[in-house]
Every structure is written in structure tokens, then in C-alpha cells.
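Reading through the C-alpha cells given below for one structure.
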Amino acid sequence: MSGFSIGGLDLVGDVEHLLSYHFMLNALRAGTIVAVLAGAIGYFMVLRRQSFAGHTLAVIGFPGAAGATWLGLSASLGYYGFCLAGALAIAALPAAGRLTAGLGGYGDESAVIGTVQAFALACGFLFVSLYKGFLSGLTGLLFGSITGVSDGQVLALLVAGAGCLLALLALGRPLLFSSIDSDVARARGVPVRLVGTAFLLVLAVAAAGASQITGSLLVFALLVTPAATASRLTARPLPGLLLSVLIAVAVTWLGEGIAFYSPYPIGFWVTTLAFSSFLLATGYRHGIDRLGRRRPATPRGERRGEVAA
Amino acid sequence: MSEQLPDAGPPAEVLELAGVTVRAGGRVIFSDVSLRVRPGEFVAVLGPNGVGKSTLLKAVLGLLPIADGRIRVLGAEPGRHNSRIGYLPQRRAFDPATRIRGVDVVRMGWDGDRWGVALPGRLGGRAGRQARDRVHEVIALVGAEGYATRPIGQLSGGEQQRLLIAQALIRRPDLLVLDEPLDSLDVTNQAAVSALVQTVCRSHGVAVLLVAHDVNPILPYLDQVIYLAHGGAVMGPPEQVITSDTLSMLYGTAVDVLRDRTGRLVVVGQPDSHAEHRS
Amino acid sequence: MTALLAADPVTGLASMLSQPFVRNALVGGTAIAALSGLVGYFVVLRGQVFAGDALSHVAYAGALAALAAGIDLRFGLFAATIGVGLLLGLLGGRGTADDVVIGTTFAWVLGLGVLFLALYTASGSTDNGVANVNVLFGSIFGISTAAATTAAWIAAGLIAVLLLIARPLLFASVDPTVAAARGVPVRLLGPLFLAILGATVGEASQAVGALLVFGLLAAPAAAAQRLTADPWRALGLAVALAVLAMWAGVALAYAAPALPPSFTIVGLAAAEFAAATLYRGLLRPLPT
């Protein structure tokens, strides 16, 4: 296996060295669970154009964790509690204007979400300042750390993650249907509102779980970027979903590995790797489109036909 | 408006197209279209989807370059006198969350393109009062007094359409360019809006260029129609153009024009006609 | 709390205003709040809340980059927000950039912010952690007289520019197709407005912090839109509500030192929004 050494770098040896640390092992386990979750759920988030709601759910965990710490409770409790409550609040907003881009502004709903988000963050700041001497933990809450993942946390993540994936599997087809064409789905008897709420709850659990590893501010990178990259590469739902998961996992592993050997934080590496993949995919898509424009137009697979396949 | 117009009144032709060809994305949308619209004329642009009816309007407004031919609008190049054209683009409804009143949307047609802000109430002086008077006048003309001060997102499609026509009329245009104004309206509203456009056309001498995919609601009012097909166009009075012979020649395939007992025209066998009935 | 409650309100107010740090906060804060209310109205109308959200994260990365490089924080703040604002406007082309592109980009920019934070805290003293918190959550009581004056002038300039383009911008926001046909430079206004939004985010970051900018931008504007459908009245109302939240927030934070001013300001703005929503809910259908 020494053939893997490139330019004097012994990759296999490095990886073995890295895995010999228990905290790195835990970080990789937790990172993998989080990445699989974020990749899968992020795909639907991008499809449903709920990036803003997803981002808000991601940051809403911060006041939860800060508040729980201030009250002497477990931070996990705060993360899950606040994220789930936030998901219900967003789901309760009037559905008018969602997923539509009609004439005139459609910013009212996002203004509400934005207000909720700013208020939640302000509360988080209040809790942090009420809990004196907690300031050093602030950076960890916001930006995460890979060194602090315990065995118990990995187990909890595994349970939450498995639950989320099962829920997503159960929701799968109606969720896809109502994401793409909610009016037709409603006419066909899909409980669109209920499916939407259930999805937001799954998103909240995933965001809360991921927040504990990557920090509140960086969860969003794992949610949106792999999914956006995948949707640039394929228009077919199942391959897109798998690709999104794959990219999320690859980016997380690479990011954790590089962060271990470099002085710079994991958040930087994961977001940068993810963004690079997005840029590459965008470039690729532009190239394909340009080629396609020169040739006689080939009929692109009809979306609905593919969904059924 | 820097260009001085001759004082001899409006030009003989409001709109003149000669051999116009438009290409987009390397594809010819339509070619060799000629058209003349005189002041106070009501002209409909007809044809199946995808033949470039909306593209034709955009070319008239100077929003799209033409590949060949010549367009004169109000005696000048397209785009020069757009403030004398009332334009109603093809559109979907306003989003229900749009928190802007109907009067404000109408007022935008008056001075929405000018820099700065409008001074509120009496501070606006004579210009402000003039603008408000004109807004009320034109809202009364389209019969929208009852709901003009409600947020436009909460109005029905027909109500929104009336207000948008008011917006297009507010500058006393010489030419009204309407893109599918009857689309997404129910039959009653189609008849009402058609009659409204006809009134404006006849009593105010405004030339109207109207895109439609169903000619029936406006048929009694039309002076001329232009029928677009891929590659070409036919223009003339409706009774001459919308006939089996003319349309069959235009499309190069057998097309039948039938007339039912109430006088409605039905075009049968027209290419792509199935795709016309959008939701 | 005792300072205001022990004496009568007038004396309490006078003693509060005699504090230089309160005066600075009010001078800078008022201008910033007025600007935020004005810009926020258009942000909500144009549906660009998410872009504003992205810019607030860019503000964080920019400020920390400047700190890491050892230059004035405001350089990084404004350069990053205005630059990215313009970029979003130009990339969007047809007026608004795709949400996914915005989200992907700002997730990465935040990652850059973390890098700069690591560089900065690795090189500096313990004060650096405090500076980080100030960038994230603001420190309006820490603004110097010079900084407050500069912020007020910048805000005044931006307000003037915005008022100049207000009418065409409104037209282009509500009905871009007709506005373009009437000669409004829609393609120019989009990036220009996002650049102004970027500068506003930079300004507001100094008062309430990069993460809480939204409290001042979205909440008063959304509240004003609920109260009136007249655009010019709504603009004025958004400004008034933002300034009110700022003043009351500063006074409350002064009276109750346990509460950070950023929390009181944003909390009050959110309360205004909640009150407006309730009011509208009780008084349906809408009066005009």
C-alpha cells in the first residue's frame, strides 16, 4: 500500500495516525452521520426553496444551547427543543405566497422568518451575557469544534439521524410530489401542509444534531452546498439525493482530515471544500449547456416522467 | 422626449413594421412580418403559442433587437417614445402578500420612472394635485373606484387587470400595447375588459395592439388582425384573414374555420392549437 | 434599574443623556436605525431578505479579515458588504440572485470568517475574543464619538441616495417589466440597491452586530407594511419604528445593565412587529 504515498506524503500512514486518536474517531463518526443527514435533507430543502427557513432553523439552535447552558441543563436539550419549536413556528406561518414567485414582492414571509431569526440570536446573546464567564464557549457554540465529541453524543446523533432518515424515507414520494407541484399534489390527496410540517421537523432535528458538531452558523453549509452541487450535476431525484449525500460525506471527511494536520479550523476547510465542489459543478453545468446549445436541442427528460421512474 | 416632433399632429401611422425578422438564441422566431397601425385602430395579434406574439410586442417597445427589417413607432425608432405607449405585459397575478395599494400601482404609470420621491399631500403642489386628479380620473374610467385603495395582492384577477390597464392609460398614450390581457379572466370579465379597451380605443382615439390566443371576445371590435405562424404572417380585416383558405395557406396544412350559431369563430386543425389551453 | 426609578423620569433622562457613551450611541444609532428602516422597506418589498441575511454574514467575515490584517475594522466591513452586494446584484442578472447561490456563497464566506477568527485569535491577546463577540453581536455603548459621527454621516449620505432613487426603485420592485419598458434602468437599480443594502448592513453591524442586523432591517419594515399599504407612508413608518426601537432599546439597556443593548433594540423591534401583526389580525379586513 506504500504506492499511495505521493511526493513523500504517506497518506495511508497519516490516516492510520489520525484514526489512532479516539477523539478523531468520534469526530469522524459524528461527522459522517451529520453529513449523511444534511446531504439527504438538504436536497429536499433546496428543491423546496426553503434555504432561508433552513438557515433560520440552523441558527435557532444557538439561543437554545446558550439558554440551556445558562440554566445548567444539557446543551443538546436546548438545541433540539429550540429547533423543533422553531420548525413548528415556521410551519404555522400562513402558506400564502410560499413556493410562488408571482409579480411584486414575496418577501413578507421571509421578513417574518428574518425577524424570528434576529430575535432568536438576540436571545442567545442575552443568555450568553447573563451566564458570566461563558464567553469562551460562545465560539464553540457558533462555529463548532471537532475535539469535543463524546461517545454518548455520537450515540445520540446516531439515534436521531436514523430516526430522521426513516422519517424521510416514509415521507419520500409525497414530499417530492408536493415539493415540485404542490397544487397537483393537493388535488391528488397529498396532505401538503402536513408533509411540509413533517419535513420542517426532520430538518430541525438534523440541524440541531449537526449544530453540536459544526456549530450553529456552519450547519447551513452542509445543508445547502452539497445539495446545490448535486442539483447542478443531475436533474434526476434519486441520483441527485445520493450524490448530495456522497459530496457531504466526502467534504466532511476531507475537511476533518485536513483540519487535523493544519492550524486552521474545521469550519473553514469544510465550507471551502464544499464551495469548491459547487463552483466546479457550476462550471461543468455551464459547459454542458453551452455545448447543448450548439447542437440541435435534445429533449430534456420530462421531470414528471422521471419522478415516477 | 428630446426629439422634436413636427407640429402637424400625430403621424399617419402610429406603428409601422416592414419585413421584420427577430432571432433569439440562434433561432428565427418570426421573419418578414409587416404591419401598419393607424391612430385609433384596434389590432389583434393572433396565433398559436410559441410563434413570438410577445416577442413582437417587445420588439415594438425596443426591448429586443431585430435582425432584419424596419420598425417605426410614433414616427421614431422603437424605444424612443415609450412614455407615449401604455404597456401591459403578459403576467401572472400579483402575489397575495404584496402590500401596495392599487392607486399606488396606477400612480407608478404616471411618474414612477422619475428620480426622487413624490412629496406627500399638499407638499406636492400643483404637480402632485394634477397627478392625483389624473389617477382618480383614470381609475374612474376603468371603473375601479370600489377597490383601488385596497392592497393589490388581495384583488381578483379581473380587478387587478383593470387597475393595470388604468396604469397603462394614465399618460394618455397614443398606443396601447396589451399582451394577453384577457388571459386568466373568466368569461364575464373577458367581455368587460374587451369592452373597456374598445371604449378607450374609440372615444380617446388610442391605437391598440392586443395579443390574444382567443379572438372571440374581441372579434366584434377589431379593425384588423395579424395572424402569426412560424415563419410568416398575414394581416388584414378579420373576415378576410380568419378564413379556412388564408389560414391553410399560412400554415401549409388544412385548417378549418367554423362559425357557430352565436357567431363565435372556432379554428380547427391549427398546429399547436391543443397546447393553447393553459391553466 | 435604580438609576431611572429612584429619581423622577426627567432627572433620570437627563442623567442618562449626560453620559457621553449614551449620547454617542444615540447619535450613531438614530442615523443607523433611520437608514435601516428605509432600506428594510425595499428589502421586504423586493423579497431580498435572504440576500440581506447573507450580507450580514459577509459583514462578519469582512470585519474579522480586517482585524486579522490589523487594519480598521470598518474597512473590511464595508469593502466586503458593498462588494458582495454588487456581486449578488450582477450575478443575479434578472434582478434577484437565486436563493441557492446566495446560500452556498454565504455559507462559504462564513467559513472564511472562521479562518480569520482563528488567525486573529492566534496572533493576539485575550481582547481579541471580545472583539469577535462585538462584531457578531454589536456594542453600541462602545462606539467612540468619532465613530458615531462617521456612522451618522455615512447613513445620511446613503439615505440621500436612496431617496433619490426611491420612486424608480419602487416601480422596478413592484412591476419590473413595465418599469423597464418605461425606461427605468432596472438592471442598474438592482445591483445599486444591493450595494446600498450592503453598506447598510455594514452600518447596522456596528450598532447591533452582524448577526442581529436583521432585527433592524426586517422587523420595522415588515411591521410598517402590516400597518399601511401606502408605500410612502410605510416608508416613513418603517423609519419611525426603527428609530423608536433604537431609542427605547438604548434607554432600556441603560436602565437595566444586565441586558445587552443589542438584545433590547432587536427585542423591541421584534415586539413592534408582533404588535403590528396582532393589530392587523384583530382589524381584518384592511382599512386604508
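The way I read the labels, and the way they are meant: chains A, B, ... in the order of the C-alpha cells, residue 1 as the first residue of every chain, and ligand 1 as the first ligand shown, with later ones counted on from there.
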inquiry  = At a cut-off of 9 Å, which residues of chain A touch chain C? Count only C-alpha atoms and give the answer as a ChimeraX atom specification.
reply    = /A:46,49-52,55,103-112,114-119,121-126,129-130,135-136,138-139,143,217-222,224-226,228,263-275,278
query = Which residues of chain B are close to chain A, meaning at most 9 Å apart when you count only C-alpha atoms, and how do they look as a list in words?
reply =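 Listed by rising number, the hits are Gly25, Gly26, Arg91, Arg92, Ala93, Phe94, Asp95, Pro96, Ala97, Thr98, Arg99, Ile100 and Gly153 of chain B.
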request  = Could the residues of chain B within 9 Å of chain C, counting only C-alpha atoms, be given as a ChimeraX atom specification, please?
outcome  = /B:58,61-63,79,81-83,85-89,94,98-101,103-105,108-109,111-120,149-151,168
request  = Could you give me, as a list in words, the residues within 9 Å of Val43 of chain B, counting only C-alpha atoms and dropping anything in the same chain fewer than 6 positions from it?
outcome  = Val37, Ala207, Val208, Leu209, Leu210, Val211, Leu222, Asp223, Gln224, Val225 and Ile226 of chain B
Using N, CA, C and O atoms, can you write the selected residues to a file as a compact mmCIF listing (two decimals), in the first residue's frame?
# COMPACT_ATOMS: atom_id res chain seq x y z
N VAL B 37 -50.39 50.22 -38.26
CA VAL B 37 -51.48 50.56 -37.34
C VAL B 37 -51.68 52.06 -37.38
O VAL B 37 -50.74 52.82 -37.13
N ALA B 207 -54.65 54.00 -30.42
CA ALA B 207 -54.45 52.77 -31.18
C ALA B 207 -54.14 51.64 -30.21
O ALA B 207 -53.47 51.84 -29.21
N VAL B 208 -54.67 50.45 -30.51
CA VAL B 208 -54.48 49.31 -29.61
C VAL B 208 -53.86 48.16 -30.39
O VAL B 208 -54.34 47.79 -31.46
N LEU B 209 -52.80 47.61 -29.83
CA LEU B 209 -52.19 46.40 -30.36
C LEU B 209 -52.32 45.35 -29.26
O LEU B 209 -51.72 45.49 -28.20
N LEU B 210 -53.15 44.35 -29.51
CA LEU B 210 -53.52 43.42 -28.45
C LEU B 210 -53.20 41.99 -28.85
O LEU B 210 -53.60 41.54 -29.92
N VAL B 211 -52.45 41.30 -28.00
CA VAL B 211 -52.13 39.90 -28.25
C VAL B 211 -53.19 39.02 -27.60
O VAL B 211 -53.56 39.26 -26.45
N LEU B 222 -62.73 44.50 -33.64
CA LEU B 222 -61.45 44.58 -34.32
C LEU B 222 -61.52 45.29 -35.66
O LEU B 222 -62.45 45.09 -36.42
N ASP B 223 -60.50 46.14 -35.93
CA ASP B 223 -60.34 46.70 -37.25
C ASP B 223 -59.51 45.77 -38.12
O ASP B 223 -59.80 45.57 -39.28
N GLN B 224 -58.44 45.26 -37.51
CA GLN B 224 -57.54 44.39 -38.27
C GLN B 224 -57.02 43.30 -37.35
O GLN B 224 -56.97 43.47 -36.14
N VAL B 225 -56.60 42.19 -37.95
CA VAL B 225 -55.87 41.19 -37.19
C VAL B 225 -54.59 40.89 -37.94
O VAL B 225 -54.50 41.04 -39.16
N ILE B 226 -53.57 40.49 -37.18
CA ILE B 226 -52.38 39.93 -37.81
C ILE B 226 -52.23 38.53 -37.26
O ILE B 226 -52.26 38.32 -36.05
task = Write out as a ChimeraX atom specification the residues lying within 6 Å of Ala35 of chain A, counting only C-alpha atoms and excluding same-chain residues fewer than 3 positions away.
result = /A:31-32,38-39,248-249
request  = May I ask for the distance between atom CA of Ala276 of chain C and atom CA of Val243 of chain C, given in Å to one decimal place?
outcome  =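 Between atom CA of Ala276 of chain C and atom CA of Val243 of chain C the gap works out to 16.0 Å.
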task = Would you return as a ChimeraX atom specification the members of segment 22-247 of chain A that DSSP assigns to alpha helix (DSSP H) on this structure's backbone?
result = /A:22-47,51-70,75-92,108-130,135-143,151-180,182-187,192-214,219-233,237-247
